[in-house]
Amino acid sequence: MELQDTPEEWRVVATTTPFQGNKTSVRTDDVVMPDGTVARRDYQVHPGSVAVLALDDQDRVLLLKQYRHPVRQKLWEIPAGLLDVPGENPLHAAQRELYEEAHVKAEDWRVLTDVYTTPGGCDEAVRIFLARGLSEAEGVRYEVSDEESDMELARVPLGELVRGVLAGELHNNCLVVGVLSLAAVRAGGGGGLESLRPANAPWPARPFEA
């Protein structure tokens, strides 16, 4: 058995878009099942996202705390943002988010992991980068607004984050996946940090031009 996700697309006999938002929409598809019946599936259509696990030379992860209205909580998160431009290089988007949210730049970039956040109800794909060699970015700080105007910034040791994730104290998807992925690589899984994919590795879920 080959342990790898594979492309497949079942036939859609009807589709509508009952809601169109600023960045995302809701689509309703009538999908033909393997037994020939037709089932209706509603899901959010999402442009995709990037996230950055930025690790400094003291083995601390750069975090921000932001209010998330749907869950009515302020969550500790890693810098992240939407792929605003179709076909945008995800590395460029990740570098932009790290600059805008933390006013930080990084010298070394690797792909840590790629995930679908909620594939049962949304097509959002996220590429999580590992960024190292951190330093303060040049120029004027990006002017934030809305929820971002109330953000807190912190740098937290990786081990403390692993403990918080496993204790059920930290819940942001990208933070959880990124932290545990890095801990797994550090523990010897996958051949170490240098075995991580290059920053411009292909991403079938969101194809881009290098």
# chains A, B, ... in the order shown; residues from 1 in each chain; ligands from 1
$ select_by_dssp --residues "chain A" --states "alpha helix (DSSP H)" --output "mmCIF file with all heavy atoms, in the first residue's frame"
data_model
loop_
_atom_site.group_PDB
_atom_site.id
_atom_site.type_symbol
_atom_site.label_atom_id
_atom_site.label_comp_id
_atom_site.auth_asym_id
_atom_site.auth_seq_id
_atom_site.Cartn_x
_atom_site.Cartn_y
_atom_site.Cartn_z
ATOM 1 N N PRO A 90 3.754 31.066 -2.858
ATOM 2 C CA PRO A 90 3.472 31.049 -1.413
ATOM 3 C C PRO A 90 4.631 31.544 -0.558
ATOM 4 O O PRO A 90 4.406 32.087 0.518
ATOM 5 C CB PRO A 90 3.147 29.573 -1.134
ATOM 6 C CG PRO A 90 3.695 28.817 -2.294
ATOM 7 C CD PRO A 90 3.633 29.737 -3.466
ATOM 8 N N LEU A 91 5.870 31.371 -1.030
ATOM 9 C CA LEU A 91 7.006 31.890 -0.271
ATOM 10 C C LEU A 91 6.930 33.405 -0.174
ATOM 11 O O LEU A 91 7.152 33.982 0.897
ATOM 12 C CB LEU A 91 8.326 31.469 -0.924
ATOM 13 C CG LEU A 91 9.590 32.092 -0.319
ATOM 14 C CD1 LEU A 91 9.730 31.730 1.162
ATOM 15 C CD2 LEU A 91 10.821 31.681 -1.107
ATOM 16 N N HIS A 92 6.607 34.071 -1.281
ATOM 17 C CA HIS A 92 6.505 35.522 -1.258
ATOM 18 C C HIS A 92 5.397 35.966 -0.300
ATOM 19 O O HIS A 92 5.543 36.943 0.431
ATOM 20 C CB HIS A 92 6.225 36.056 -2.660
ATOM 21 C CG HIS A 92 7.312 35.725 -3.640
ATOM 22 N ND1 HIS A 92 7.143 35.817 -5.007
ATOM 23 C CD2 HIS A 92 8.588 35.294 -3.455
ATOM 24 C CE1 HIS A 92 8.257 35.454 -5.610
ATOM 25 N NE2 HIS A 92 9.151 35.133 -4.700
ATOM 26 N N ALA A 93 4.281 35.229 -0.311
ATOM 27 C CA ALA A 93 3.180 35.559 0.593
ATOM 28 C C ALA A 93 3.598 35.371 2.047
ATOM 29 O O ALA A 93 3.260 36.182 2.921
ATOM 30 C CB ALA A 93 1.965 34.694 0.271
ATOM 31 N N ALA A 94 4.340 34.315 2.333
ATOM 32 C CA ALA A 94 4.788 34.055 3.700
ATOM 33 C C ALA A 94 5.761 35.128 4.168
ATOM 34 O O ALA A 94 5.694 35.599 5.316
ATOM 35 C CB ALA A 94 5.443 32.680 3.776
ATOM 36 N N GLN A 95 6.661 35.539 3.294
ATOM 37 C CA GLN A 95 7.601 36.603 3.652
ATOM 38 C C GLN A 95 6.855 37.904 3.933
ATOM 39 O O GLN A 95 7.211 38.649 4.860
ATOM 40 C CB GLN A 95 8.618 36.780 2.521
ATOM 41 C CG GLN A 95 9.564 35.598 2.385
ATOM 42 C CD GLN A 95 10.410 35.647 1.131
ATOM 43 O OE1 GLN A 95 9.993 36.206 0.107
ATOM 44 N NE2 GLN A 95 11.590 35.059 1.172
ATOM 45 N N ARG A 96 5.821 38.167 3.157
ATOM 46 C CA ARG A 96 5.010 39.370 3.368
ATOM 47 C C ARG A 96 4.301 39.316 4.722
ATOM 48 O O ARG A 96 4.285 40.306 5.467
ATOM 49 C CB ARG A 96 3.987 39.494 2.236
ATOM 50 C CG ARG A 96 3.079 40.729 2.362
ATOM 51 C CD ARG A 96 2.010 40.732 1.297
ATOM 52 N NE ARG A 96 1.040 39.664 1.473
ATOM 53 C CZ ARG A 96 0.776 38.728 0.561
ATOM 54 N NH1 ARG A 96 1.414 38.722 -0.593
ATOM 55 N NH2 ARG A 96 -0.120 37.790 0.794
ATOM 56 N N GLU A 97 3.723 38.154 5.061
ATOM 57 C CA GLU A 97 3.000 38.040 6.322
ATOM 58 C C GLU A 97 3.930 38.189 7.521
ATOM 59 O O GLU A 97 3.580 38.824 8.517
ATOM 60 C CB GLU A 97 2.266 36.697 6.388
ATOM 61 C CG GLU A 97 1.122 36.554 5.393
ATOM 62 C CD GLU A 97 0.047 37.605 5.562
ATOM 63 O OE1 GLU A 97 -0.183 38.058 6.714
ATOM 64 O OE2 GLU A 97 -0.583 37.973 4.553
ATOM 65 N N LEU A 98 5.128 37.613 7.434
ATOM 66 C CA LEU A 98 6.076 37.744 8.535
ATOM 67 C C LEU A 98 6.480 39.200 8.732
ATOM 68 O O LEU A 98 6.600 39.682 9.859
ATOM 69 C CB LEU A 98 7.309 36.874 8.258
ATOM 70 C CG LEU A 98 8.344 36.788 9.378
ATOM 71 C CD1 LEU A 98 7.735 36.214 10.648
ATOM 72 C CD2 LEU A 98 9.547 35.968 8.938
ATOM 73 N N TYR A 99 6.651 39.904 7.632
ATOM 74 C CA TYR A 99 6.985 41.333 7.706
ATOM 75 C C TYR A 99 5.817 42.142 8.272
ATOM 76 O O TYR A 99 5.992 42.964 9.183
ATOM 77 C CB TYR A 99 7.364 41.845 6.322
ATOM 78 C CG TYR A 99 7.394 43.359 6.225
ATOM 79 C CD1 TYR A 99 8.452 44.089 6.773
ATOM 80 C CD2 TYR A 99 6.351 44.056 5.612
ATOM 81 C CE1 TYR A 99 8.468 45.480 6.703
ATOM 82 C CE2 TYR A 99 6.363 45.436 5.540
ATOM 83 C CZ TYR A 99 7.427 46.144 6.084
ATOM 84 O OH TYR A 99 7.434 47.510 6.022
ATOM 85 N N GLU A 100 4.619 41.929 7.739
ATOM 86 C CA GLU A 100 3.485 42.754 8.136
ATOM 87 C C GLU A 100 3.062 42.503 9.581
ATOM 88 O O GLU A 100 2.708 43.438 10.305
ATOM 89 C CB GLU A 100 2.300 42.492 7.190
ATOM 90 C CG GLU A 100 2.525 43.018 5.776
ATOM 91 C CD GLU A 100 1.323 42.789 4.873
ATOM 92 O OE1 GLU A 100 0.349 42.135 5.330
ATOM 93 O OE2 GLU A 100 1.334 43.245 3.719
ATOM 94 N N GLU A 101 3.087 41.261 10.020
ATOM 95 C CA GLU A 101 2.564 40.939 11.343
ATOM 96 C C GLU A 101 3.610 41.053 12.444
ATOM 97 O O GLU A 101 3.255 41.283 13.605
ATOM 98 C CB GLU A 101 1.945 39.538 11.339
ATOM 99 C CG GLU A 101 0.720 39.439 10.428
ATOM 100 C CD GLU A 101 -0.050 38.147 10.603
ATOM 101 O OE1 GLU A 101 0.499 37.194 11.182
ATOM 102 O OE2 GLU A 101 -1.212 38.097 10.155
ATOM 103 N N ALA A 102 4.893 40.880 12.098
ATOM 104 C CA ALA A 102 5.914 40.896 13.148
ATOM 105 C C ALA A 102 7.089 41.814 12.847
ATOM 106 O O ALA A 102 7.958 41.981 13.693
ATOM 107 C CB ALA A 102 6.429 39.470 13.365
ATOM 108 N N LEU A 158 10.234 26.301 22.007
ATOM 109 C CA LEU A 158 9.492 25.252 21.318
ATOM 110 C C LEU A 158 8.954 24.210 22.283
ATOM 111 O O LEU A 158 7.797 23.783 22.172
ATOM 112 C CB LEU A 158 10.393 24.586 20.271
ATOM 113 C CG LEU A 158 9.757 23.434 19.487
ATOM 114 C CD1 LEU A 158 8.617 23.929 18.615
ATOM 115 C CD2 LEU A 158 10.805 22.716 18.647
ATOM 116 N N GLY A 159 9.755 23.798 23.265
ATOM 117 C CA GLY A 159 9.314 22.779 24.211
ATOM 118 C C GLY A 159 8.086 23.202 24.998
ATOM 119 O O GLY A 159 7.211 22.372 25.285
ATOM 120 N N GLU A 160 8.007 24.483 25.341
ATOM 121 C CA GLU A 160 6.844 24.982 26.067
ATOM 122 C C GLU A 160 5.590 24.934 25.195
ATOM 123 O O GLU A 160 4.486 24.661 25.674
ATOM 124 C CB GLU A 160 7.112 26.415 26.532
ATOM 125 C CG GLU A 160 6.026 26.988 27.432
ATOM 126 C CD GLU A 160 6.382 28.349 27.977
ATOM 127 O OE1 GLU A 160 7.581 28.656 28.108
ATOM 128 O OE2 GLU A 160 5.445 29.121 28.285
ATOM 129 N N LEU A 161 5.758 25.167 23.897
ATOM 130 C CA LEU A 161 4.623 25.100 22.981
ATOM 131 C C LEU A 161 4.139 23.663 22.803
ATOM 132 O O LEU A 161 2.927 23.416 22.748
ATOM 133 C CB LEU A 161 4.994 25.699 21.630
ATOM 134 C CG LEU A 161 5.274 27.200 21.642
ATOM 135 C CD1 LEU A 161 5.716 27.671 20.270
ATOM 136 C CD2 LEU A 161 4.052 27.982 22.105
ATOM 137 N N VAL A 162 5.055 22.720 22.710
ATOM 138 C CA VAL A 162 4.660 21.310 22.618
ATOM 139 C C VAL A 162 3.844 20.927 23.831
ATOM 140 O O VAL A 162 2.780 20.287 23.721
ATOM 141 C CB VAL A 162 5.893 20.397 22.477
ATOM 142 C CG1 VAL A 162 5.491 18.931 22.577
ATOM 143 C CG2 VAL A 162 6.603 20.656 21.149
ATOM 144 N N ARG A 163 4.303 21.323 25.015
ATOM 145 C CA ARG A 163 3.561 21.020 26.233
ATOM 146 C C ARG A 163 2.164 21.642 26.190
ATOM 147 O O ARG A 163 1.169 21.000 26.534
ATOM 148 C CB ARG A 163 4.328 21.547 27.452
ATOM 149 C CG ARG A 163 3.664 21.204 28.790
ATOM 150 C CD ARG A 163 3.979 22.235 29.857
ATOM 151 N NE ARG A 163 3.512 23.568 29.515
ATOM 152 C CZ ARG A 163 2.239 23.961 29.614
ATOM 153 N NH1 ARG A 163 1.297 23.118 30.028
ATOM 154 N NH2 ARG A 163 1.895 25.187 29.282
ATOM 155 N N GLY A 164 2.066 22.911 25.738
ATOM 156 C CA GLY A 164 0.784 23.585 25.685
ATOM 157 C C GLY A 164 -0.184 22.954 24.700
ATOM 158 O O GLY A 164 -1.388 22.868 24.962
ATOM 159 N N VAL A 165 0.343 22.502 23.571
ATOM 160 C CA VAL A 165 -0.509 21.823 22.583
ATOM 161 C C VAL A 165 -1.074 20.536 23.174
ATOM 162 O O VAL A 165 -2.282 20.261 23.107
ATOM 163 C CB VAL A 165 0.288 21.537 21.295
ATOM 164 C CG1 VAL A 165 -0.482 20.574 20.400
ATOM 165 C CG2 VAL A 165 0.589 22.826 20.542
ATOM 166 N N LEU A 166 -0.212 19.711 23.746
ATOM 167 C CA LEU A 166 -0.647 18.411 24.271
ATOM 168 C C LEU A 166 -1.514 18.543 25.517
ATOM 169 O O LEU A 166 -2.300 17.638 25.826
ATOM 170 C CB LEU A 166 0.575 17.535 24.567
ATOM 171 C CG LEU A 166 1.442 17.202 23.342
ATOM 172 C CD1 LEU A 166 2.626 16.347 23.746
ATOM 173 C CD2 LEU A 166 0.629 16.513 22.261
ATOM 174 N N ASN A 173 -4.882 25.880 14.470
ATOM 175 C CA ASN A 173 -4.517 24.764 13.609
ATOM 176 C C ASN A 173 -3.066 24.849 13.142
ATOM 177 O O ASN A 173 -2.290 23.889 13.256
ATOM 178 C CB ASN A 173 -5.479 24.721 12.426
ATOM 179 C CG ASN A 173 -5.212 23.579 11.477
ATOM 180 O OD1 ASN A 173 -4.236 23.586 10.736
ATOM 181 N ND2 ASN A 173 -6.089 22.593 11.493
ATOM 182 N N CYS A 174 -2.671 25.993 12.597
ATOM 183 C CA CYS A 174 -1.328 26.124 12.036
ATOM 184 C C CYS A 174 -0.261 26.051 13.119
ATOM 185 O O CYS A 174 0.816 25.482 12.902
ATOM 186 C CB CYS A 174 -1.208 27.422 11.252
ATOM 187 S SG CYS A 174 -2.203 27.445 9.740
ATOM 188 N N LEU A 175 -0.537 26.616 14.282
ATOM 189 C CA LEU A 175 0.411 26.524 15.383
ATOM 190 C C LEU A 175 0.588 25.074 15.813
ATOM 191 O O LEU A 175 1.716 24.590 15.957
ATOM 192 C CB LEU A 175 -0.046 27.382 16.556
ATOM 193 C CG LEU A 175 0.892 27.439 17.773
ATOM 194 C CD1 LEU A 175 0.787 28.779 18.475
ATOM 195 C CD2 LEU A 175 0.603 26.322 18.770
ATOM 196 N N VAL A 176 -0.519 24.370 16.011
ATOM 197 C CA VAL A 176 -0.455 22.977 16.461
ATOM 198 C C VAL A 176 0.305 22.114 15.453
ATOM 199 O O VAL A 176 1.234 21.380 15.814
ATOM 200 C CB VAL A 176 -1.873 22.424 16.699
ATOM 201 C CG1 VAL A 176 -1.828 20.918 16.938
ATOM 202 C CG2 VAL A 176 -2.537 23.124 17.881
ATOM 203 N N VAL A 177 -0.082 22.202 14.182
ATOM 204 C CA VAL A 177 0.560 21.384 13.157
ATOM 205 C C VAL A 177 2.034 21.758 13.005
ATOM 206 O O VAL A 177 2.914 20.890 12.923
ATOM 207 C CB VAL A 177 -0.173 21.528 11.811
ATOM 208 C CG1 VAL A 177 0.589 20.822 10.692
ATOM 209 C CG2 VAL A 177 -1.587 20.960 11.911
ATOM 210 N N GLY A 178 2.319 23.058 12.977
ATOM 211 C CA GLY A 178 3.696 23.498 12.806
ATOM 212 C C GLY A 178 4.593 23.089 13.952
ATOM 213 O O GLY A 178 5.697 22.567 13.746
ATOM 214 N N VAL A 179 4.129 23.296 15.177
ATOM 215 C CA VAL A 179 4.928 22.968 16.359
ATOM 216 C C VAL A 179 5.203 21.470 16.441
ATOM 217 O O VAL A 179 6.341 21.029 16.659
ATOM 218 C CB VAL A 179 4.222 23.474 17.634
ATOM 219 C CG1 VAL A 179 4.777 22.802 18.888
ATOM 220 C CG2 VAL A 179 4.360 24.984 17.740
ATOM 221 N N LEU A 180 4.167 20.653 16.259
ATOM 222 C CA LEU A 180 4.361 19.208 16.359
ATOM 223 C C LEU A 180 5.183 18.659 15.197
ATOM 224 O O LEU A 180 5.954 17.708 15.365
ATOM 225 C CB LEU A 180 3.016 18.500 16.457
ATOM 226 C CG LEU A 180 2.185 18.816 17.711
ATOM 227 C CD1 LEU A 180 0.928 17.964 17.757
ATOM 228 C CD2 LEU A 180 3.006 18.629 18.984
ATOM 229 N N SER A 181 5.048 19.266 14.024
ATOM 230 C CA SER A 181 5.867 18.845 12.881
ATOM 231 C C SER A 181 7.339 19.127 13.144
ATOM 232 O O SER A 181 8.209 18.286 12.894
ATOM 233 C CB SER A 181 5.412 19.561 11.604
ATOM 234 O OG SER A 181 4.105 19.175 11.234
ATOM 235 N N LEU A 182 7.626 20.327 13.655
ATOM 236 C CA LEU A 182 9.013 20.662 13.945
ATOM 237 C C LEU A 182 9.568 19.767 15.041
ATOM 238 O O LEU A 182 10.715 19.292 14.954
ATOM 239 C CB LEU A 182 9.132 22.133 14.352
ATOM 240 C CG LEU A 182 10.536 22.623 14.688
ATOM 241 C CD1 LEU A 182 11.502 22.380 13.529
ATOM 242 C CD2 LEU A 182 10.519 24.099 15.062
ATOM 243 N N ALA A 183 8.763 19.496 16.063
ATOM 244 C CA ALA A 183 9.222 18.613 17.142
ATOM 245 C C ALA A 183 9.506 17.213 16.603
ATOM 246 O O ALA A 183 10.484 16.573 17.012
ATOM 247 C CB ALA A 183 8.175 18.560 18.248
ATOM 248 N N ALA A 184 8.680 16.736 15.673
ATOM 249 C CA ALA A 184 8.886 15.407 15.098
ATOM 250 C C ALA A 184 10.171 15.360 14.287
ATOM 251 O O ALA A 184 10.939 14.396 14.369
ATOM 252 C CB ALA A 184 7.692 15.028 14.221
ATOM 253 N N VAL A 185 10.418 16.413 13.500
ATOM 254 C CA VAL A 185 11.654 16.463 12.716
ATOM 255 C C VAL A 185 12.861 16.503 13.646
ATOM 256 O O VAL A 185 13.866 15.816 13.425
ATOM 257 C CB VAL A 185 11.651 17.689 11.779
ATOM 258 C CG1 VAL A 185 13.003 17.831 11.083
ATOM 259 C CG2 VAL A 185 10.551 17.574 10.740
ATOM 260 N N ARG A 186 12.762 17.290 14.699
ATOM 261 C CA ARG A 186 13.861 17.386 15.665
ATOM 262 C C ARG A 186 14.133 16.040 16.351
ATOM 263 O O ARG A 186 15.263 15.734 16.711
ATOM 264 C CB ARG A 186 13.499 18.413 16.729
ATOM 265 C CG ARG A 186 13.612 19.857 16.271
ATOM 266 C CD ARG A 186 15.081 20.312 16.368
ATOM 267 N NE ARG A 186 15.230 21.727 16.161
ATOM 268 C CZ ARG A 186 15.002 22.653 17.092
ATOM 269 N NH1 ARG A 186 14.588 22.312 18.289
ATOM 270 N NH2 ARG A 186 15.182 23.929 16.815
#
$ closest_atom_pairs --of "stretch 77-172 of chain A" --to "stretch 54-65 of chain A" --cutoff "8 Å" --atoms "only C-alpha atoms" --output "JSON lines"
{"residue": "A:Glu77", "atom": "CA", "partner": "A:Leu64", "partner_atom": "CA", "distance": 5.4}
{"residue": "A:Ile78", "atom": "CA", "partner": "A:Leu63", "partner_atom": "CA", "distance": 4.9}
{"residue": "A:Pro79", "atom": "CA", "partner": "A:Leu64", "partner_atom": "CA", "distance": 6.9}
{"residue": "A:Ala106", "atom": "CA", "partner": "A:Ala54", "partner_atom": "CA", "distance": 7.9}
{"residue": "A:Leu130", "atom": "CA", "partner": "A:Ala54", "partner_atom": "CA", "distance": 6.0}
{"residue": "A:Ala131", "atom": "CA", "partner": "A:Ala54", "partner_atom": "CA", "distance": 4.6}
{"residue": "A:Arg132", "atom": "CA", "partner": "A:Leu55", "partner_atom": "CA", "distance": 5.3}
{"residue": "A:Gly133", "atom": "CA", "partner": "A:Asp56", "partner_atom": "CA", "distance": 6.6}
{"residue": "A:Leu134", "atom": "CA", "partner": "A:Asp56", "partner_atom": "CA", "distance": 5.8}
{"residue": "A:Met151", "atom": "CA", "partner": "A:Lys65", "partner_atom": "CA", "distance": 5.4}
{"residue": "A:Glu152", "atom": "CA", "partner": "A:Lys65", "partner_atom": "CA", "distance": 5.0}
{"residue": "A:Leu153", "atom": "CA", "partner": "A:Leu64", "partner_atom": "CA", "distance": 4.4}
{"residue": "A:Ala154", "atom": "CA", "partner": "A:Leu63", "partner_atom": "CA", "distance": 5.2}
{"residue": "A:Arg155", "atom": "CA", "partner": "A:Leu62", "partner_atom": "CA", "distance": 4.5}
{"residue": "A:Val156", "atom": "CA", "partner": "A:Arg60", "partner_atom": "CA", "distance": 4.8}
{"residue": "A:Pro157", "atom": "CA", "partner": "A:Arg60", "partner_atom": "CA", "distance": 4.1}
{"residue": "A:Leu158", "atom": "CA", "partner": "A:Arg60", "partner_atom": "CA", "distance": 5.7}
$ write_last_selection --atoms "N, CA and C atoms" --output "JSON list (two decimals), in the first residue's frame"
[["chain", "number", "residue", "atom", "x", "y", "z"],
["A", 77, "GLU", "N", -1.06, 32.26, 17.91],
["A", 77, "GLU", "CA", -0.92, 31.76, 16.55],
["A", 77, "GLU", "C", 0.48, 32.03, 16.04],
["A", 78, "ILE", "N", 0.83, 31.41, 14.92],
["A", 78, "ILE", "CA", 2.03, 31.80, 14.19],
["A", 78, "ILE", "C", 1.58, 32.73, 13.07],
["A", 79, "PRO", "N", 2.46, 33.60, 12.57],
["A", 79, "PRO", "CA", 2.06, 34.52, 11.49],
["A", 79, "PRO", "C", 1.48, 33.75, 10.30],
["A", 106, "ALA", "N", 13.62, 36.73, 7.44],
["A", 106, "ALA", "CA", 14.35, 35.49, 7.71],
["A", 106, "ALA", "C", 15.26, 35.17, 6.54],
["A", 130, "LEU", "N", 8.99, 26.81, 7.66],
["A", 130, "LEU", "CA", 9.93, 27.02, 8.76],
["A", 130, "LEU", "C", 10.87, 28.12, 8.32],
["A", 131, "ALA", "N", 10.96, 29.19, 9.11],
["A", 131, "ALA", "CA", 11.84, 30.32, 8.80],
["A", 131, "ALA", "C", 12.88, 30.45, 9.91],
["A", 132, "ARG", "N", 14.15, 30.53, 9.51],
["A", 132, "ARG", "CA", 15.24, 30.68, 10.48],
["A", 132, "ARG", "C", 16.17, 31.82, 10.04],
["A", 133, "GLY", "N", 17.08, 32.18, 10.92],
["A", 133, "GLY", "CA", 17.94, 33.32, 10.63],
["A", 133, "GLY", "C", 17.16, 34.61, 10.69],
["A", 134, "LEU", "N", 16.48, 34.82, 11.82],
["A", 134, "LEU", "CA", 15.57, 35.97, 11.95],
["A", 134, "LEU", "C", 16.31, 37.25, 12.30],
["A", 151, "MET", "N", -3.19, 42.90, 18.57],
["A", 151, "MET", "CA", -2.33, 41.73, 18.67],
["A", 151, "MET", "C", -1.24, 41.90, 19.74],
["A", 152, "GLU", "N", -0.91, 40.78, 20.38],
["A", 152, "GLU", "CA", 0.25, 40.69, 21.26],
["A", 152, "GLU", "C", 1.31, 39.85, 20.56],
["A", 153, "LEU", "N", 2.58, 40.18, 20.74],
["A", 153, "LEU", "CA", 3.68, 39.41, 20.18],
["A", 153, "LEU", "C", 4.49, 38.78, 21.30],
["A", 154, "ALA", "N", 5.02, 37.59, 21.04],
["A", 154, "ALA", "CA", 5.85, 36.91, 22.03],
["A", 154, "ALA", "C", 6.78, 35.94, 21.32],
["A", 155, "ARG", "N", 7.85, 35.55, 22.00],
["A", 155, "ARG", "CA", 8.73, 34.49, 21.54],
["A", 155, "ARG", "C", 8.78, 33.44, 22.64],
["A", 156, "VAL", "N", 8.39, 32.22, 22.28],
["A", 156, "VAL", "CA", 8.19, 31.16, 23.28],
["A", 156, "VAL", "C", 9.03, 29.94, 22.91],
["A", 157, "PRO", "N", 9.73, 29.32, 23.87],
["A", 157, "PRO", "CA", 10.52, 28.13, 23.58],
["A", 157, "PRO", "C", 9.66, 27.01, 22.97],
["A", 158, "LEU", "N", 10.23, 26.30, 22.01],
["A", 158, "LEU", "CA", 9.49, 25.25, 21.32],
["A", 158, "LEU", "C", 8.95, 24.21, 22.28]]
$ atom_distance --atom1 "atom CA of A:Leu193" --atom2 "atom CA of A:Arg110"
8.6 Å
$ closest_residue --among "A:Glu209, A:Asp30, A:Asp108, A:Glu136" --to "A:Leu196" --atoms "only C-alpha atoms"
A:Asp108
$ closest_atom_pairs --of "stretch 114-195 of chain A" --to "stretch 1-20 of chain A" --cutoff "12 Å" --atoms "only C-alpha atoms" --output "JSON lines"
{"residue": "A:Asp114", "atom": "CA", "partner": "A:Asp5", "partner_atom": "CA", "distance": 11.9}
{"residue": "A:Val115", "atom": "CA", "partner": "A:Asp5", "partner_atom": "CA", "distance": 11.3}
{"residue": "A:Tyr116", "atom": "CA", "partner": "A:Asp5", "partner_atom": "CA", "distance": 11.5}
$ write_last_selection --atoms "N, CA, C and O atoms" --output "PDB file, in the first residue's frame"
ATOM      1  N   ASP A 114       2.401  20.719   4.455  1.00  0.00           N
ATOM      2  CA  ASP A 114       1.220  21.206   3.738  1.00  0.00           C
ATOM      3  C   ASP A 114       0.003  20.499   4.296  1.00  0.00           C
ATOM      4  O   ASP A 114       0.027  19.271   4.490  1.00  0.00           O
ATOM      5  N   VAL A 115      -1.072  21.239   4.553  1.00  0.00           N
ATOM      6  CA  VAL A 115      -2.272  20.628   5.135  1.00  0.00           C
ATOM      7  C   VAL A 115      -3.538  21.199   4.503  1.00  0.00           C
ATOM      8  O   VAL A 115      -3.540  22.310   3.967  1.00  0.00           O
ATOM      9  N   TYR A 116      -4.611  20.397   4.565  1.00  0.00           N
ATOM     10  CA  TYR A 116      -5.969  20.888   4.360  1.00  0.00           C
ATOM     11  C   TYR A 116      -6.553  21.086   5.751  1.00  0.00           C
ATOM     12  O   TYR A 116      -6.570  20.152   6.558  1.00  0.00           O
TER      13      TYR A 116
END
$ atom_distance --atom1 "atom CA of A:Asp84" --atom2 "atom CA of A:Pro47"
7.1 Å
$ residues_around --residues "A:Phe129" --least-positions-apart "4" --cutoff "8 Å" --atoms "only C-alpha atoms" --output "MDAnalysis selection string"
chainID A and resid 50:53 94 109:113 199
$ write_last_selection --atoms "all heavy atoms" --output "tab-separated table (two decimals), in the first residue's frame"
chain	number	residue	atom	x	y	z
A	50	VAL	N	-0.96	30.75	3.84
A	50	VAL	CA	0.40	30.39	4.23
A	50	VAL	C	0.55	30.70	5.71
A	50	VAL	O	-0.15	31.56	6.25
A	50	VAL	CB	1.46	31.16	3.41
A	50	VAL	CG1	1.45	30.70	1.97
A	50	VAL	CG2	1.25	32.67	3.51
A	51	ALA	N	1.47	30.00	6.36
A	51	ALA	CA	1.78	30.26	7.76
A	51	ALA	C	3.28	30.09	7.95
A	51	ALA	O	3.93	29.37	7.18
A	51	ALA	CB	1.01	29.32	8.68
A	52	VAL	N	3.81	30.76	8.97
A	52	VAL	CA	5.26	30.79	9.17
A	52	VAL	C	5.60	30.42	10.61
A	52	VAL	O	5.22	31.14	11.55
A	52	VAL	CB	5.85	32.19	8.87
A	52	VAL	CG1	7.38	32.15	8.98
A	52	VAL	CG2	5.41	32.69	7.50
A	53	LEU	N	6.30	29.31	10.78
A	53	LEU	CA	6.87	28.99	12.08
A	53	LEU	C	8.27	29.58	12.08
A	53	LEU	O	9.20	29.01	11.49
A	53	LEU	CB	6.89	27.48	12.34
A	53	LEU	CG	7.11	27.10	13.81
A	53	LEU	CD1	6.44	25.79	14.12
A	53	LEU	CD2	8.58	27.05	14.17
A	94	ALA	N	4.34	34.32	2.33
A	94	ALA	CA	4.79	34.05	3.70
A	94	ALA	C	5.76	35.13	4.17
A	94	ALA	O	5.69	35.60	5.32
A	94	ALA	CB	5.44	32.68	3.78
A	109	TRP	N	14.56	29.61	4.55
A	109	TRP	CA	13.16	29.21	4.44
A	109	TRP	C	13.07	27.77	3.95
A	109	TRP	O	13.76	27.39	3.00
A	109	TRP	CB	12.40	30.12	3.48
A	109	TRP	CG	12.21	31.52	3.98
A	109	TRP	CD1	13.11	32.54	3.92
A	109	TRP	CD2	11.04	32.05	4.60
A	109	TRP	NE1	12.58	33.68	4.48
A	109	TRP	CE2	11.31	33.41	4.90
A	109	TRP	CE3	9.79	31.52	4.93
A	109	TRP	CZ2	10.38	34.23	5.52
A	109	TRP	CZ3	8.86	32.34	5.54
A	109	TRP	CH2	9.15	33.67	5.84
A	110	ARG	N	12.21	26.99	4.60
A	110	ARG	CA	11.93	25.61	4.18
A	110	ARG	C	10.43	25.36	4.29
A	110	ARG	O	9.74	26.02	5.07
A	110	ARG	CB	12.64	24.60	5.09
A	110	ARG	CG	14.15	24.80	5.24
A	110	ARG	CD	14.91	24.19	4.10
A	110	ARG	NE	16.34	24.42	4.22
A	110	ARG	CZ	17.26	23.47	4.07
A	110	ARG	NH1	16.89	22.25	3.79
A	110	ARG	NH2	18.55	23.78	4.18
A	111	VAL	N	9.94	24.41	3.51
A	111	VAL	CA	8.55	23.97	3.68
A	111	VAL	C	8.53	22.98	4.84
A	111	VAL	O	9.22	21.96	4.81
A	111	VAL	CB	8.01	23.30	2.41
A	111	VAL	CG1	6.62	22.72	2.66
A	111	VAL	CG2	7.96	24.30	1.26
A	112	LEU	N	7.74	23.28	5.86
A	112	LEU	CA	7.61	22.38	7.01
A	112	LEU	C	6.55	21.33	6.73
A	112	LEU	O	6.79	20.13	6.88
A	112	LEU	CB	7.26	23.19	8.26
A	112	LEU	CG	7.24	22.46	9.59
A	112	LEU	CD1	8.56	21.72	9.84
A	112	LEU	CD2	6.95	23.44	10.73
A	113	THR	N	5.36	21.75	6.28
A	113	THR	CA	4.32	20.79	5.93
A	113	THR	C	3.21	21.50	5.15
A	113	THR	O	3.10	22.72	5.18
A	113	THR	CB	3.74	20.12	7.20
A	113	THR	OG1	2.90	19.02	6.83
A	113	THR	CG2	2.94	21.10	8.03
A	199	ALA	N	11.97	25.87	-0.13
A	199	ALA	CA	10.87	26.83	0.01
A	199	ALA	C	9.99	26.91	-1.23
A	199	ALA	O	8.82	27.26	-1.14
A	199	ALA	CB	11.43	28.20	0.35
$ atom_distance --atom1 "atom CA of A:Arg206" --atom2 "atom CA of A:Val126"
9.0 Å
$ select_by_dssp --residues "stretch 56-186 of chain A" --states "strand (DSSP E)" --output "MDAnalysis selection string"
chainID A and resid 60:68 73:77 80:82 104:116 125:136 152:157
